[in-house]
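A.B. asks: Provided below: upload14.pdb, containing PDB, C-alpha atoms.
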```pdb
ATOM      1  CA  MET S   1     188.299 -34.307 196.987
ATOM      2  CA  VAL S   2     189.182 -33.582 193.365
ATOM      3  CA  ASP S   3     186.919 -34.874 190.621
ATOM      4  CA  LEU S   4     189.118 -37.224 188.559
ATOM      5  CA  ASP S   5     186.710 -37.637 185.655
ATOM      6  CA  ILE S   6     188.470 -35.392 183.126
ATOM      7  CA  PRO S   7     186.356 -36.571 180.143
ATOM      8  CA  ARG S   8     183.185 -35.699 182.056
ATOM      9  CA  LEU S   9     184.540 -32.273 182.972
ATOM     10  CA  LEU S  10     185.456 -31.640 179.338
ATOM     11  CA  SER S  11     182.250 -33.096 177.920
ATOM     12  CA  GLY S  12     180.904 -29.627 177.254
ATOM     13  CA  VAL S  13     184.029 -28.667 175.308
ATOM     14  CA  ALA S  14     184.889 -31.774 173.281
ATOM     15  CA  PRO S  15     183.376 -35.220 172.605
ATOM     16  CA  ARG S  16     184.060 -37.822 175.262
ATOM     17  CA  TRP S  17     186.189 -39.960 172.964
ATOM     18  CA  ALA S  18     188.314 -36.946 172.101
ATOM     19  CA  SER S  19     188.917 -36.267 175.786
ATOM     20  CA  LYS S  20     189.947 -39.877 176.382
ATOM     21  CA  THR S  21     192.261 -39.748 173.362
ATOM     22  CA  ALA S  22     193.837 -36.563 174.697
ATOM     23  CA  CYS S  23     194.491 -38.284 178.046
ATOM     24  CA  ALA S  24     196.119 -41.219 176.235
ATOM     25  CA  VAL S  25     198.304 -38.874 174.185
ATOM     26  CA  LEU S  26     199.294 -37.077 177.378
ATOM     27  CA  GLY S  27     200.327 -40.371 178.966
ATOM     28  CA  ILE S  28     202.339 -41.369 175.889
ATOM     29  CA  GLY S  29     203.975 -37.937 175.844
ATOM     30  CA  LEU S  30     204.998 -38.334 179.477
ATOM     31  CA  ALA S  31     206.581 -41.729 178.779
ATOM     32  CA  VAL S  32     208.432 -40.372 175.722
ATOM     33  CA  LEU S  33     209.784 -37.438 177.725
ATOM     34  CA  LEU S  34     211.033 -39.655 180.536
ATOM     35  CA  ARG S  35     212.492 -42.101 178.015
ATOM     36  CA  PHE S  36     214.334 -39.277 176.276
ATOM     37  CA  ILE S  37     215.885 -38.164 179.563
ATOM     38  CA  VAL S  38     216.996 -41.690 180.462
ATOM     39  CA  GLU S  39     218.460 -42.244 176.973
ATOM     40  CA  GLN S  40     220.841 -39.363 177.539
ATOM     41  CA  ILE S  41     222.215 -41.099 180.627
ATOM     42  CA  THR S  42     221.967 -44.858 180.003
ATOM     43  CA  PRO S  43     220.887 -45.663 176.407
ATOM     44  CA  GLY S  44     218.700 -48.752 176.053
ATOM     45  CA  ALA S  45     218.207 -49.311 179.786
ATOM     46  CA  ALA S  46     214.824 -50.640 180.991
ATOM     47  CA  PRO S  47     212.886 -49.939 177.763
ATOM     48  CA  PHE S  48     209.454 -50.536 179.308
ATOM     49  CA  ALA S  49     210.050 -48.825 182.676
ATOM     50  CA  PHE S  50     207.767 -45.877 181.964
ATOM     51  CA  VAL S  51     204.794 -47.862 180.696
ATOM     52  CA  TYR S  52     203.408 -48.196 184.223
ATOM     53  CA  PRO S  53     203.357 -44.546 185.402
ATOM     54  CA  ALA S  54     202.145 -43.361 182.005
ATOM     55  CA  ALA S  55     199.310 -45.913 181.840
ATOM     56  CA  LEU S  56     198.321 -45.242 185.459
ATOM     57  CA  MET S  57     198.208 -41.483 184.961
ATOM     58  CA  ALA S  58     196.123 -41.807 181.794
ATOM     59  CA  THR S  59     193.726 -44.212 183.542
ATOM     60  CA  LEU S  60     193.196 -41.872 186.488
ATOM     61  CA  LEU S  61     192.557 -38.941 184.186
ATOM     62  CA  GLY S  62     190.560 -40.532 181.373
ATOM     63  CA  GLY S  63     189.498 -44.023 182.382
ATOM     64  CA  TRP S  64     190.629 -47.471 181.371
ATOM     65  CA  GLN S  65     190.281 -46.686 177.641
ATOM     66  CA  ALA S  66     192.868 -43.906 177.926
ATOM     67  CA  GLY S  67     195.098 -46.183 180.015
ATOM     68  CA  LEU S  68     194.877 -48.980 177.450
ATOM     69  CA  GLY S  69     195.668 -46.562 174.637
ATOM     70  CA  THR S  70     198.701 -45.339 176.551
ATOM     71  CA  LEU S  71     199.830 -48.911 177.172
ATOM     72  CA  ILE S  72     199.622 -49.831 173.489
ATOM     73  CA  GLY S  73     201.310 -46.624 172.372
ATOM     74  CA  THR S  74     204.179 -46.732 174.866
ATOM     75  CA  GLU S  75     204.874 -50.445 174.279
ATOM     76  CA  PHE S  76     204.921 -49.907 170.529
ATOM     77  CA  LEU S  77     207.300 -46.967 170.767
ATOM     78  CA  ALA S  78     209.555 -48.715 173.294
ATOM     79  CA  TRP S  79     209.710 -51.841 171.120
ATOM     80  CA  THR S  80     210.308 -49.961 167.888
ATOM     81  CA  PHE S  81     212.817 -47.331 168.996
ATOM     82  CA  VAL S  82     214.559 -48.936 171.958
ATOM     83  CA  VAL S  83     214.410 -52.740 171.806
ATOM     84  CA  SER S  84     214.544 -53.350 168.030
ATOM     85  CA  ARG S  85     216.765 -50.483 166.951
ATOM     86  CA  PRO S  86     219.995 -51.367 165.090
ATOM     87  CA  PRO S  87     222.566 -52.754 165.467
ATOM     88  CA  GLY S  88     220.904 -55.096 167.916
ATOM     89  CA  GLY S  89     217.563 -56.777 167.651
ATOM     90  CA  HIS S  90     214.982 -58.352 169.807
ATOM     91  CA  THR S  91     215.370 -61.718 171.468
ATOM     92  CA  GLU S  92     212.890 -64.253 172.748
ATOM     93  CA  GLN S  93     213.601 -63.046 176.276
ATOM     94  CA  GLN S  94     212.757 -59.486 175.281
ATOM     95  CA  ILE S  95     209.525 -60.638 173.650
ATOM     96  CA  ALA S  96     208.576 -62.468 176.840
ATOM     97  CA  GLY S  97     209.477 -59.331 178.832
ATOM     98  CA  ALA S  98     207.267 -57.172 176.650
ATOM     99  CA  ILE S  99     204.356 -59.564 177.104
ATOM    100  CA  LEU S 100     204.898 -59.635 180.872
ATOM    101  CA  VAL S 101     205.040 -55.825 180.979
ATOM    102  CA  ALA S 102     201.762 -55.642 179.049
ATOM    103  CA  LEU S 103     200.035 -58.061 181.440
ATOM    104  CA  THR S 104     201.270 -56.311 184.575
ATOM    105  CA  ALA S 105     200.397 -52.927 183.047
ATOM    106  CA  LEU S 106     196.853 -54.198 182.468
ATOM    107  CA  ALA S 107     196.724 -55.036 186.177
ATOM    108  CA  VAL S 108     197.907 -51.488 186.981
ATOM    109  CA  ILE S 109     195.195 -50.082 184.696
ATOM    110  CA  ALA S 110     192.571 -52.226 186.440
ATOM    111  CA  VAL S 111     193.682 -50.979 189.866
ATOM    112  CA  GLY S 112     193.735 -47.388 188.613
ATOM    113  CA  GLU S 113     190.248 -47.724 187.136
ATOM    114  CA  ALA S 114     188.912 -49.213 190.380
ATOM    115  CA  PHE S 115     190.381 -46.338 192.357
ATOM    116  CA  ARG S 116     188.996 -43.830 189.881
ATOM    117  CA  VAL S 117     185.488 -45.287 190.047
ATOM    118  CA  ALA S 118     185.592 -45.356 193.842
ATOM    119  CA  ALA S 119     186.768 -41.736 193.968
ATOM    120  CA  GLN S 120     184.007 -40.653 191.596
ATOM    121  CA  LYS S 121     181.435 -42.426 193.748
ATOM    122  CA  ILE S 122     182.694 -40.671 196.863
ATOM    123  CA  VAL S 123     182.629 -37.298 195.107
ATOM    124  CA  THR S 124     179.087 -37.911 193.831
ATOM    125  CA  GLU S 125     177.852 -38.920 197.274
ATOM    126  CA  ARG S 126     179.576 -35.930 198.871
ATOM    127  CA  ASN S 127     178.032 -33.523 196.363
ATOM    128  CA  ALA S 128     174.603 -35.038 196.942
ATOM    129  CA  LYS S 129     174.966 -34.641 200.715
ATOM    130  CA  LEU S 130     176.168 -31.056 200.314
ATOM    131  CA  ALA S 131     173.206 -30.249 198.084
ATOM    132  CA  GLU S 132     170.813 -31.828 200.582
ATOM    133  CA  ARG S 133     172.415 -29.970 203.477
ATOM    134  CA  GLU S 134     172.220 -26.682 201.571
ATOM    135  CA  LEU S 135     168.534 -27.290 200.836
ATOM    136  CA  LEU S 136     167.828 -28.073 204.499
ATOM    137  CA  PHE S 137     169.833 -25.027 205.559
ATOM    138  CA  ARG S 138     167.835 -22.709 203.313
ATOM    139  CA  GLU S 139     164.597 -24.286 204.486
ATOM    140  CA  LEU S 140     165.680 -23.771 208.099
ATOM    141  CA  GLN S 141     166.434 -20.108 207.471
ATOM    142  CA  HIS S 142     163.053 -19.692 205.796
ATOM    143  CA  ARG S 143     161.329 -21.235 208.783
ATOM    144  CA  VAL S 144     163.340 -19.083 211.218
ATOM    145  CA  SER S 145     162.313 -15.985 209.272
ATOM    146  CA  ASN S 146     158.685 -17.066 209.414
ATOM    147  CA  ASP S 147     159.007 -17.735 213.149
ATOM    148  CA  PHE S 148     160.331 -14.211 213.715
ATOM    149  CA  THR S 149     157.319 -12.849 211.850
ATOM    150  CA  ILE S 150     154.848 -14.990 213.794
ATOM    151  CA  VAL S 151     156.322 -14.085 217.187
ATOM    152  CA  ASN S 152     156.377 -10.409 216.266
ATOM    153  CA  SER S 153     152.732 -10.594 215.150
ATOM    154  CA  LEU S 154     151.672 -12.306 218.397
ATOM    155  CA  LEU S 155     153.427  -9.653 220.473
ATOM    156  CA  ASP S 156     151.837  -6.909 218.386
ATOM    157  CA  LEU S 157     148.405  -8.476 218.886
ATOM    158  CA  GLN S 158     148.974  -8.600 222.639
ATOM    159  CA  ARG S 159     150.264  -5.022 222.628
ATOM    160  CA  ARG S 160     147.141  -3.733 220.895
ATOM    161  CA  ARG S 161     144.907  -5.562 223.370
ATOM    162  CA  SER S 162     146.767  -4.291 226.408
ATOM    163  CA  THR S 163     145.541  -1.152 228.201
ATOM    164  CA  ASP S 164     148.517  -0.823 230.547
ATOM    165  CA  HIS S 165     151.075   1.698 229.295
ATOM    166  CA  GLU S 166     154.104  -0.065 230.802
ATOM    167  CA  THR S 167     153.013  -3.396 229.333
ATOM    168  CA  ARG S 168     152.543  -1.871 225.900
ATOM    169  CA  GLN S 169     155.958  -0.227 226.110
ATOM    170  CA  ALA S 170     157.636  -3.487 227.153
ATOM    171  CA  LEU S 171     155.949  -5.341 224.297
ATOM    172  CA  GLU S 172     157.054  -2.663 221.824
ATOM    173  CA  GLN S 173     160.624  -3.022 223.039
ATOM    174  CA  ALA S 174     160.420  -6.795 222.673
ATOM    175  CA  MET S 175     159.054  -6.402 219.145
ATOM    176  CA  GLY S 176     161.884  -4.041 218.282
ATOM    177  CA  ARG S 177     164.491  -6.510 219.492
ATOM    178  CA  ILE S 178     162.909  -9.346 217.534
ATOM    179  CA  ARG S 179     162.920  -7.215 214.384
ATOM    180  CA  SER S 180     166.564  -6.347 215.042
ATOM    181  CA  VAL S 181     167.608  -9.982 215.384
ATOM    182  CA  ALA S 182     165.572 -10.903 212.300
ATOM    183  CA  ARG S 183     167.259  -8.118 210.337
ATOM    184  CA  VAL S 184     170.742  -9.334 211.311
ATOM    185  CA  HIS S 185     169.915 -12.919 210.329
ATOM    186  CA  HIS S 186     168.298 -11.867 207.059
ATOM    187  CA  HIS S 187     171.298  -9.872 205.866
ATOM    188  CA  LEU S 188     173.745 -12.567 206.867
ATOM    189  CA  TYR S 189     171.995 -15.545 205.303
ATOM    190  CA  THR S 190     171.365 -13.786 202.003
ATOM    191  CA  LEU S 191     175.123 -13.633 201.463
ATOM    192  CA  PRO S 192     176.777 -16.236 199.205
ATOM    193  CA  ASP S 193     177.295 -19.569 200.939
ATOM    194  CA  ILE S 194     181.012 -19.446 201.516
ATOM    195  CA  GLY S 195     183.149 -20.456 204.432
ATOM    196  CA  ALA S 196     184.271 -16.924 205.306
ATOM    197  CA  ILE S 197     181.902 -13.955 205.297
ATOM    198  CA  ASP S 198     182.985 -10.695 203.668
ATOM    199  CA  PHE S 199     182.385  -8.667 206.809
ATOM    200  CA  ARG S 200     182.961  -5.296 205.140
ATOM    201  CA  GLN S 201     180.064  -5.916 202.759
ATOM    202  CA  TYR S 202     177.921  -7.375 205.510
ATOM    203  CA  LEU S 203     178.472  -4.466 207.912
ATOM    204  CA  SER S 204     177.801  -1.943 205.158
ATOM    205  CA  ASP S 205     174.496  -3.655 204.277
ATOM    206  CA  LEU S 206     173.541  -3.888 207.941
ATOM    207  CA  CYS S 207     174.199  -0.174 208.534
ATOM    208  CA  THR S 208     172.120   0.676 205.472
ATOM    209  CA  ALA S 209     169.244  -1.428 206.811
ATOM    210  CA  LEU S 210     169.566   0.196 210.242
ATOM    211  CA  SER S 211     169.440   3.660 208.697
ATOM    212  CA  GLN S 212     166.261   2.781 206.843
ATOM    213  CA  ALA S 213     164.512   0.905 209.657
ATOM    214  CA  ALA S 214     165.680   2.287 212.995
ATOM    215  CA  PHE S 215     166.281   5.991 212.361
ATOM    216  CA  PRO S 216     163.446   8.421 212.998
ATOM    217  CA  PRO S 217     162.831  11.197 210.459
ATOM    218  CA  THR S 218     165.218  13.621 212.195
ATOM    219  CA  GLY S 219     168.721  14.874 211.615
ATOM    220  CA  LEU S 220     170.479  11.664 212.611
ATOM    221  CA  TYR S 221     173.243  10.301 210.405
ATOM    222  CA  LEU S 222     174.914   6.905 210.518
ATOM    223  CA  ARG S 223     178.418   6.544 209.112
ATOM    224  CA  CYS S 224     180.070   3.188 208.633
ATOM    225  CA  HIS S 225     183.706   2.252 207.981
ATOM    226  CA  CYS S 226     185.095  -1.271 207.890
ATOM    227  CA  ASP S 227     188.534  -2.594 207.015
ATOM    228  CA  GLN S 228     188.635  -5.549 204.652
ATOM    229  CA  ALA S 229     187.890  -8.530 206.867
ATOM    230  CA  TYR S 230     186.588 -12.076 206.586
ATOM    231  CA  MET S 231     185.211 -14.075 209.493
ATOM    232  CA  PRO S 232     183.206 -17.241 210.170
ATOM    233  CA  ARG S 233     179.458 -16.966 209.828
ATOM    234  CA  SER S 234     178.738 -17.643 213.535
ATOM    235  CA  ARG S 235     181.037 -14.844 214.700
ATOM    236  CA  ALA S 236     179.688 -12.461 212.068
ATOM    237  CA  ILE S 237     176.174 -13.035 213.468
ATOM    238  CA  ALA S 238     177.330 -12.163 217.003
ATOM    239  CA  VAL S 239     179.252  -9.047 215.924
ATOM    240  CA  GLY S 240     176.278  -7.973 213.799
ATOM    241  CA  LEU S 241     173.952  -8.354 216.796
ATOM    242  CA  VAL S 242     176.293  -6.236 218.936
ATOM    243  CA  THR S 243     176.380  -3.560 216.235
ATOM    244  CA  ASN S 244     172.607  -3.669 215.842
ATOM    245  CA  GLU S 245     171.997  -3.349 219.587
ATOM    246  CA  LEU S 246     174.490  -0.510 220.064
ATOM    247  CA  VAL S 247     173.146   1.538 217.151
ATOM    248  CA  THR S 248     169.532   0.952 218.220
ATOM    249  CA  ASN S 249     170.341   2.006 221.788
ATOM    250  CA  ALA S 250     172.054   5.149 220.537
ATOM    251  CA  VAL S 251     169.019   6.088 218.442
ATOM    252  CA  LYS S 252     166.648   5.516 221.377
ATOM    253  CA  HIS S 253     168.616   7.108 224.226
ATOM    254  CA  ALA S 254     171.351   9.437 222.941
ATOM    255  CA  PHE S 255     169.212  11.925 221.021
ATOM    256  CA  PRO S 256     166.107  12.902 223.007
ATOM    257  CA  ASN S 257     163.611  15.529 221.880
ATOM    258  CA  ASP S 258     164.432  15.065 218.172
ATOM    259  CA  ARG S 259     168.017  16.103 218.716
ATOM    260  CA  ALA S 260     170.265  15.892 215.636
ATOM    261  CA  GLY S 261     173.557  14.038 215.717
ATOM    262  CA  ASN S 262     175.867  11.403 214.311
ATOM    263  CA  ILE S 263     176.579   7.747 214.977
ATOM    264  CA  ASP S 264     179.867   6.297 213.729
ATOM    265  CA  VAL S 265     180.364   2.561 213.301
ATOM    266  CA  ARG S 266     183.919   1.350 212.669
ATOM    267  CA  PHE S 267     185.462  -2.093 212.395
ATOM    268  CA  GLN S 268     189.221  -2.106 211.980
ATOM    269  CA  LYS S 269     192.406  -3.964 212.752
ATOM    270  CA  SER S 270     194.067  -2.939 215.996
ATOM    271  CA  ASP S 271     197.394  -3.642 217.673
ATOM    272  CA  SER S 272     195.825  -6.412 219.750
ATOM    273  CA  GLY S 273     193.445  -7.856 217.154
ATOM    274  CA  TRP S 274     190.245  -6.348 215.786
ATOM    275  CA  LEU S 275     188.084  -3.564 217.178
ATOM    276  CA  LEU S 276     184.427  -2.706 216.636
ATOM    277  CA  SER S 277     183.497   0.759 217.864
ATOM    278  CA  VAL S 278     180.138   2.535 217.896
ATOM    279  CA  LYS S 279     180.316   6.200 218.881
ATOM    280  CA  ASP S 280     177.596   8.835 219.082
ATOM    281  CA  ASP S 281     177.717  12.533 219.927
ATOM    282  CA  GLY S 282     174.511  12.443 221.912
ATOM    283  CA  VAL S 283     173.743  13.327 225.533
ATOM    284  CA  GLY S 284     175.926  10.580 226.960
ATOM    285  CA  PHE S 285     175.292   8.798 230.259
ATOM    286  CA  SER S 286     176.441   8.829 233.843
ATOM    287  CA  GLN S 287     179.196   6.298 234.454
ATOM    288  CA  THR S 288     178.201   6.084 238.134
ATOM    289  CA  THR S 289     174.783   4.726 237.207
ATOM    290  CA  PRO S 290     174.786   0.893 237.080
ATOM    291  CA  ARG S 291     173.776  -0.608 233.749
ATOM    292  CA  THR S 292     171.725  -3.690 234.533
ATOM    293  CA  GLY S 293     168.908  -3.616 231.977
ATOM    294  CA  LEU S 294     167.947  -6.223 229.402
ATOM    295  CA  GLY S 295     169.906  -4.392 226.709
ATOM    296  CA  THR S 296     173.098  -4.613 228.754
ATOM    297  CA  SER S 297     172.561  -8.342 229.362
ATOM    298  CA  LEU S 298     171.994  -8.948 225.658
ATOM    299  CA  LEU S 299     175.108  -6.990 224.701
ATOM    300  CA  GLU S 300     177.231  -8.980 227.140
ATOM    301  CA  GLU S 301     175.870 -12.251 225.786
ATOM    302  CA  PHE S 302     176.422 -11.228 222.156
ATOM    303  CA  ALA S 303     179.974 -10.102 223.001
ATOM    304  CA  ARG S 304     180.642 -13.456 224.663
ATOM    305  CA  GLN S 305     179.384 -15.294 221.569
ATOM    306  CA  ALA S 306     181.693 -13.165 219.412
ATOM    307  CA  GLY S 307     184.633 -14.058 221.639
ATOM    308  CA  GLY S 308     185.320 -10.418 222.489
ATOM    309  CA  THR S 309     185.337  -7.954 225.373
ATOM    310  CA  LEU S 310     182.813  -5.110 225.465
ATOM    311  CA  SER S 311     183.420  -1.741 227.110
ATOM    312  CA  ILE S 312     181.202   1.372 227.152
ATOM    313  CA  GLU S 313     182.341   4.824 228.254
ATOM    314  CA  ALA S 314     181.250   8.439 228.110
ATOM    315  CA  SER S 315     183.267  10.381 225.515
ATOM    316  CA  ASN S 316     181.498  13.507 224.259
ATOM    317  CA  GLY S 317     178.534  11.211 223.954
ATOM    318  CA  THR S 318     178.897   7.437 224.237
ATOM    319  CA  LEU S 319     181.676   5.213 222.925
ATOM    320  CA  ALA S 320     181.269   1.433 222.890
ATOM    321  CA  ARG S 321     184.114  -0.877 221.949
ATOM    322  CA  LEU S 322     184.115  -4.590 221.211
ATOM    323  CA  ALA S 323     187.705  -5.883 221.270
ATOM    324  CA  LEU S 324     188.227  -9.137 219.383
ATOM    325  CA  PRO S 325     191.332 -11.372 219.299
ATOM    326  CA  PRO S 326     193.607 -11.486 216.203
ATOM    327  CA  GLY S 327     192.096 -14.783 215.029
ATOM    328  CA  ALA S 328     188.540 -13.434 215.031
ATOM    329  CA  ALA S 329     188.897 -12.249 211.434
ATOM    330  CA  GLN S 330     191.394 -12.246 208.597
ATOM    331  CA  SER S 331     192.271  -9.572 206.087
ATOM    332  CA  SER S 332     192.192 -12.068 203.224
ATOM    333  CA  VAL S 333     189.786 -14.897 202.459
ATOM    334  CA  GLN S 334     192.762 -17.072 201.480
ATOM    335  CA  ASP S 335     194.004 -17.077 205.074
ATOM    336  CA  ASP S 336     193.380 -20.192 207.105
ATOM    337  CA  MET S 337     190.476 -19.437 209.440
ATOM    338  CA  GLY S 338     190.072 -22.915 210.855
ATOM    339  CA  ILE S 339     186.571 -23.309 209.476
TER     340      ILE S 339
END
```
Written as structure tokens, that's how I'd like the structure from this file.
C.D. replies:
Amino acid sequence: MVDLDIPRLLSGVAPRWASKTACAVLGIGLAVLLRFIVEQITPGAAPFAFVYPAALMATLLGGWQAGLGTLIGTEFLAWTFVVSRPPGGHTEQQIAGAILVALTALAVIAVGEAFRVAAQKIVTERNAKLAERELLFRELQHRVSNDFTIVNSLLDLQRRRSTDHETRQALEQAMGRIRSVARVHHHLYTLPDIGAIDFRQYLSDLCTALSQAAFPPTGLYLRCHCDQAYMPRSRAIAVGLVTNELVTNAVKHAFPNDRAGNIDVRFQKSDSGWLLSVKDDGVGFSQTTPRTGLGTSLLEEFARQAGGTLSIEASNGTLARLALPPGAAQSSVQDDMGI
């Protein structure tokens, strides 16, 4: 809803009375313009016809004071230059008409002011609710971040107490996944609070964080390319989790024994929609071996949340693709994303 309080919006630029006066002048100018057009067609017809729209517009923009000023100004001009102009003159009927117009215009101003006040109240309440929701949202994200830290600390404590190698390894993997999810959430919720996420910026930041946190000190290189794309926050989380899991898996499994290599992350528009691909030039995998681990289950769940289809194949290493429908993202933030 648009804020109709023009004087309040302009209070930092000009005094409030000046803003109201400007609204009244604008209303009078509108009436004069319309009167001028009508005079070219039917001179002298309906001299007070434009008092109502002019007074209503001024009231909505500047309040009842601006509406009253417009009423007085337009009635004076209509009486002076239309009703009383030579060779004719005003009659008692015209005087009564002018008085009636003034009274009904006052009623219009009252209705306009009531609507304006109600609209301002709605806008104020909406802004207060949005501010409260934003505060609660930020508090929630802070608590989620703290929860990630607490869970990770508890797992680390249990890992250090455990003497079984397999248990320690499982706990380390769980800690790594928690850190990965926390990293995805952190980078997403530090973005500006807008309806559509700039996914190019988000993916670039995520790849930078992955390079710093997940890569061992070997000759591994992560390259990232993303077409300009905007998508809803919930889908961006899911696609980010898929990217995070695929890159982490590549680092852990594709380059054993400190092998050097490259991992390429790309998000681009395709003929059928949008495509996320993560390719490495590592040792690859056997396509005859079933993939039923926790990582595979997580990837399938993240892909489902993103609304896409995930496929993984051996291609001089490993190539993973997440195919998304055309409506999953838009090339411009102005596009309607239904959010």
A.B. asks: Ile109 in chain S: which residues within 7 Å, counting all atoms listed in the file, same-chain residues fewer than 2 positions away excluded, as a list in words?
C.D. replies: Ala55, Leu56, Thr59, Trp64, Gly67, Ala105, Leu106, Ala107, Val111, Gly112 and Glu113 of chain S
A.B. asks: Print the selection's residues with C-alpha atoms to a file, as a short mmCIF file (atom, residue, chain, number, x, y, z; two decimals), in the coordinates of the input.
C.D. replies:
```
data_model
loop_
_atom_site.label_atom_id
_atom_site.label_comp_id
_atom_site.auth_asym_id
_atom_site.auth_seq_id
_atom_site.Cartn_x
_atom_site.Cartn_y
_atom_site.Cartn_z
CA ALA S 55 199.31 -45.91 181.84
CA LEU S 56 198.32 -45.24 185.46
CA THR S 59 193.73 -44.21 183.54
CA TRP S 64 190.63 -47.47 181.37
CA GLY S 67 195.10 -46.18 180.02
CA ALA S 105 200.40 -52.93 183.05
CA LEU S 106 196.85 -54.20 182.47
CA ALA S 107 196.72 -55.04 186.18
CA VAL S 111 193.68 -50.98 189.87
CA GLY S 112 193.74 -47.39 188.61
CA GLU S 113 190.25 -47.72 187.14
#
```
A.B. asks: The PyMOL selection byres ((chain S and resi 171) around 12) on the file shown: which residues, as a list in words?
C.D. replies: Val151, Asn152, Ser153, Leu154, Leu155, Asp156, Leu157, Gln158, Arg159, Arg160, Arg161, Ser162, Thr163, Asp164, His165, Glu166, Thr167, Arg168, Gln169, Ala170, Glu172, Gln173, Ala174, Met175, Gly176, Arg177 and Ile178 of chain S
A.B. asks: Given 6 Å on each side, where is the centre and what are the edge lengths in Å to one decimal of the axis-aligned box enclosing the listed atoms of range 98-115 of chain S, as lines of an AutoDock Vina configuration file?
C.D. replies:
```
center_x = 198.1
center_y = -53.0
center_z = 184.5
size_x = 30.4
size_y = 25.3
size_z = 27.7
```
A.B. asks: Can you list, as a PyMOL selection string, every protein, DNA or RNA residue that comes within 10 Å of Glu245 in chain S when you count all atoms listed in the file, leaving out same-chain residues fewer than 4 positions away?
C.D. replies: chain S and resi 177+180-181+239-241+249-251+295-296+298-299+302
A.B. asks: Enter the distance from CA of Ala314 in chain S to CA of Asp264 in chain S, in Å, rounded to one decimal.
C.D. replies: 14.6 Å
A.B. asks: Can you pull out the residues contacting Ala98 in chain S? Cut-off 10 Å, using only C-alpha atoms, and skip same-chain residues under 2 positions away; I want them as a list in words.
C.D. replies: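 Residues meeting the cut-off are Pro47, Phe48, Glu75, Phe76, Ala78, Trp79, Val83, Glu92, Gln93, Gln94, Ile95, Ala96, Leu100, Val101, Ala102, Leu103 and Thr104 of chain S.
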A.B. asks: Selection from above, C-alpha atoms, as a PDB file, keeping the file's coordinate frame, can you write it?
C.D. replies:
```
ATOM      1  CA  PRO S  47     212.886 -49.939 177.763  1.00  0.00           C
ATOM      2  CA  PHE S  48     209.454 -50.536 179.308  1.00  0.00           C
ATOM      3  CA  GLU S  75     204.874 -50.445 174.279  1.00  0.00           C
ATOM      4  CA  PHE S  76     204.921 -49.907 170.529  1.00  0.00           C
ATOM      5  CA  ALA S  78     209.555 -48.715 173.294  1.00  0.00           C
ATOM      6  CA  TRP S  79     209.710 -51.841 171.120  1.00  0.00           C
ATOM      7  CA  VAL S  83     214.410 -52.740 171.806  1.00  0.00           C
ATOM      8  CA  GLU S  92     212.890 -64.253 172.748  1.00  0.00           C
ATOM      9  CA  GLN S  93     213.601 -63.046 176.276  1.00  0.00           C
ATOM     10  CA  GLN S  94     212.757 -59.486 175.281  1.00  0.00           C
ATOM     11  CA  ILE S  95     209.525 -60.638 173.650  1.00  0.00           C
ATOM     12  CA  ALA S  96     208.576 -62.468 176.840  1.00  0.00           C
ATOM     13  CA  LEU S 100     204.898 -59.635 180.872  1.00  0.00           C
ATOM     14  CA  VAL S 101     205.040 -55.825 180.979  1.00  0.00           C
ATOM     15  CA  ALA S 102     201.762 -55.642 179.049  1.00  0.00           C
ATOM     16  CA  LEU S 103     200.035 -58.061 181.440  1.00  0.00           C
ATOM     17  CA  THR S 104     201.270 -56.311 184.575  1.00  0.00           C
TER      18      THR S 104
END
```
A.B. asks: Calculated over all atoms listed in the file, which of the candidates S:Ser311, S:Thr248, S:Ser277, S:Gln228 has the smallest distance to Ile197 in chain S?
C.D. replies: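 Smallest separation from Ile197 in chain S among the options: S:Gln228.
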A.B. asks: Could you check which of S:Arg126, S:Lys252, S:Arg233, S:Arg266 is closest to Asp198 in chain S, using all atoms listed in the file?
C.D. replies: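 For Asp198 in chain S, the nearest of the candidates is S:Arg233.
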A.B. asks: Check which residues satisfy the PyMOL selection byres ((chain S and resi 235) around 9) in the file shown, then give them as a VMD selection string.
C.D. replies: chain S and resid 231 to 234 236 to 240 305 to 307 328 to 329
A.B. asks: With C-alpha atoms kept, could you save the residues just selected as a PDB file, in the frame of the given file?
C.D. replies:
```
ATOM      1  CA  MET S 231     185.211 -14.075 209.493  1.00  0.00           C
ATOM      2  CA  PRO S 232     183.206 -17.241 210.170  1.00  0.00           C
ATOM      3  CA  ARG S 233     179.458 -16.966 209.828  1.00  0.00           C
ATOM      4  CA  SER S 234     178.738 -17.643 213.535  1.00  0.00           C
ATOM      5  CA  ALA S 236     179.688 -12.461 212.068  1.00  0.00           C
ATOM      6  CA  ILE S 237     176.174 -13.035 213.468  1.00  0.00           C
ATOM      7  CA  ALA S 238     177.330 -12.163 217.003  1.00  0.00           C
ATOM      8  CA  VAL S 239     179.252  -9.047 215.924  1.00  0.00           C
ATOM      9  CA  GLY S 240     176.278  -7.973 213.799  1.00  0.00           C
ATOM     10  CA  GLN S 305     179.384 -15.294 221.569  1.00  0.00           C
ATOM     11  CA  ALA S 306     181.693 -13.165 219.412  1.00  0.00           C
ATOM     12  CA  GLY S 307     184.633 -14.058 221.639  1.00  0.00           C
ATOM     13  CA  ALA S 328     188.540 -13.434 215.031  1.00  0.00           C
ATOM     14  CA  ALA S 329     188.897 -12.249 211.434  1.00  0.00           C
TER      15      ALA S 329
END
```
A.B. asks: Quick one, how far is CA of Ala303 in chain S from CA of Arg143 in chain S?
C.D. replies: 26.0 Å
A.B. asks: With all atoms listed in the file as the counted atoms, please give the residues lying no more than 12 Å from Leu33 in chain S, apart from itself and same-chain residues fewer than 4 positions off, as number ranges by chain.
C.D. replies: S: 26-29, 37-40, 50-51, 54, 74
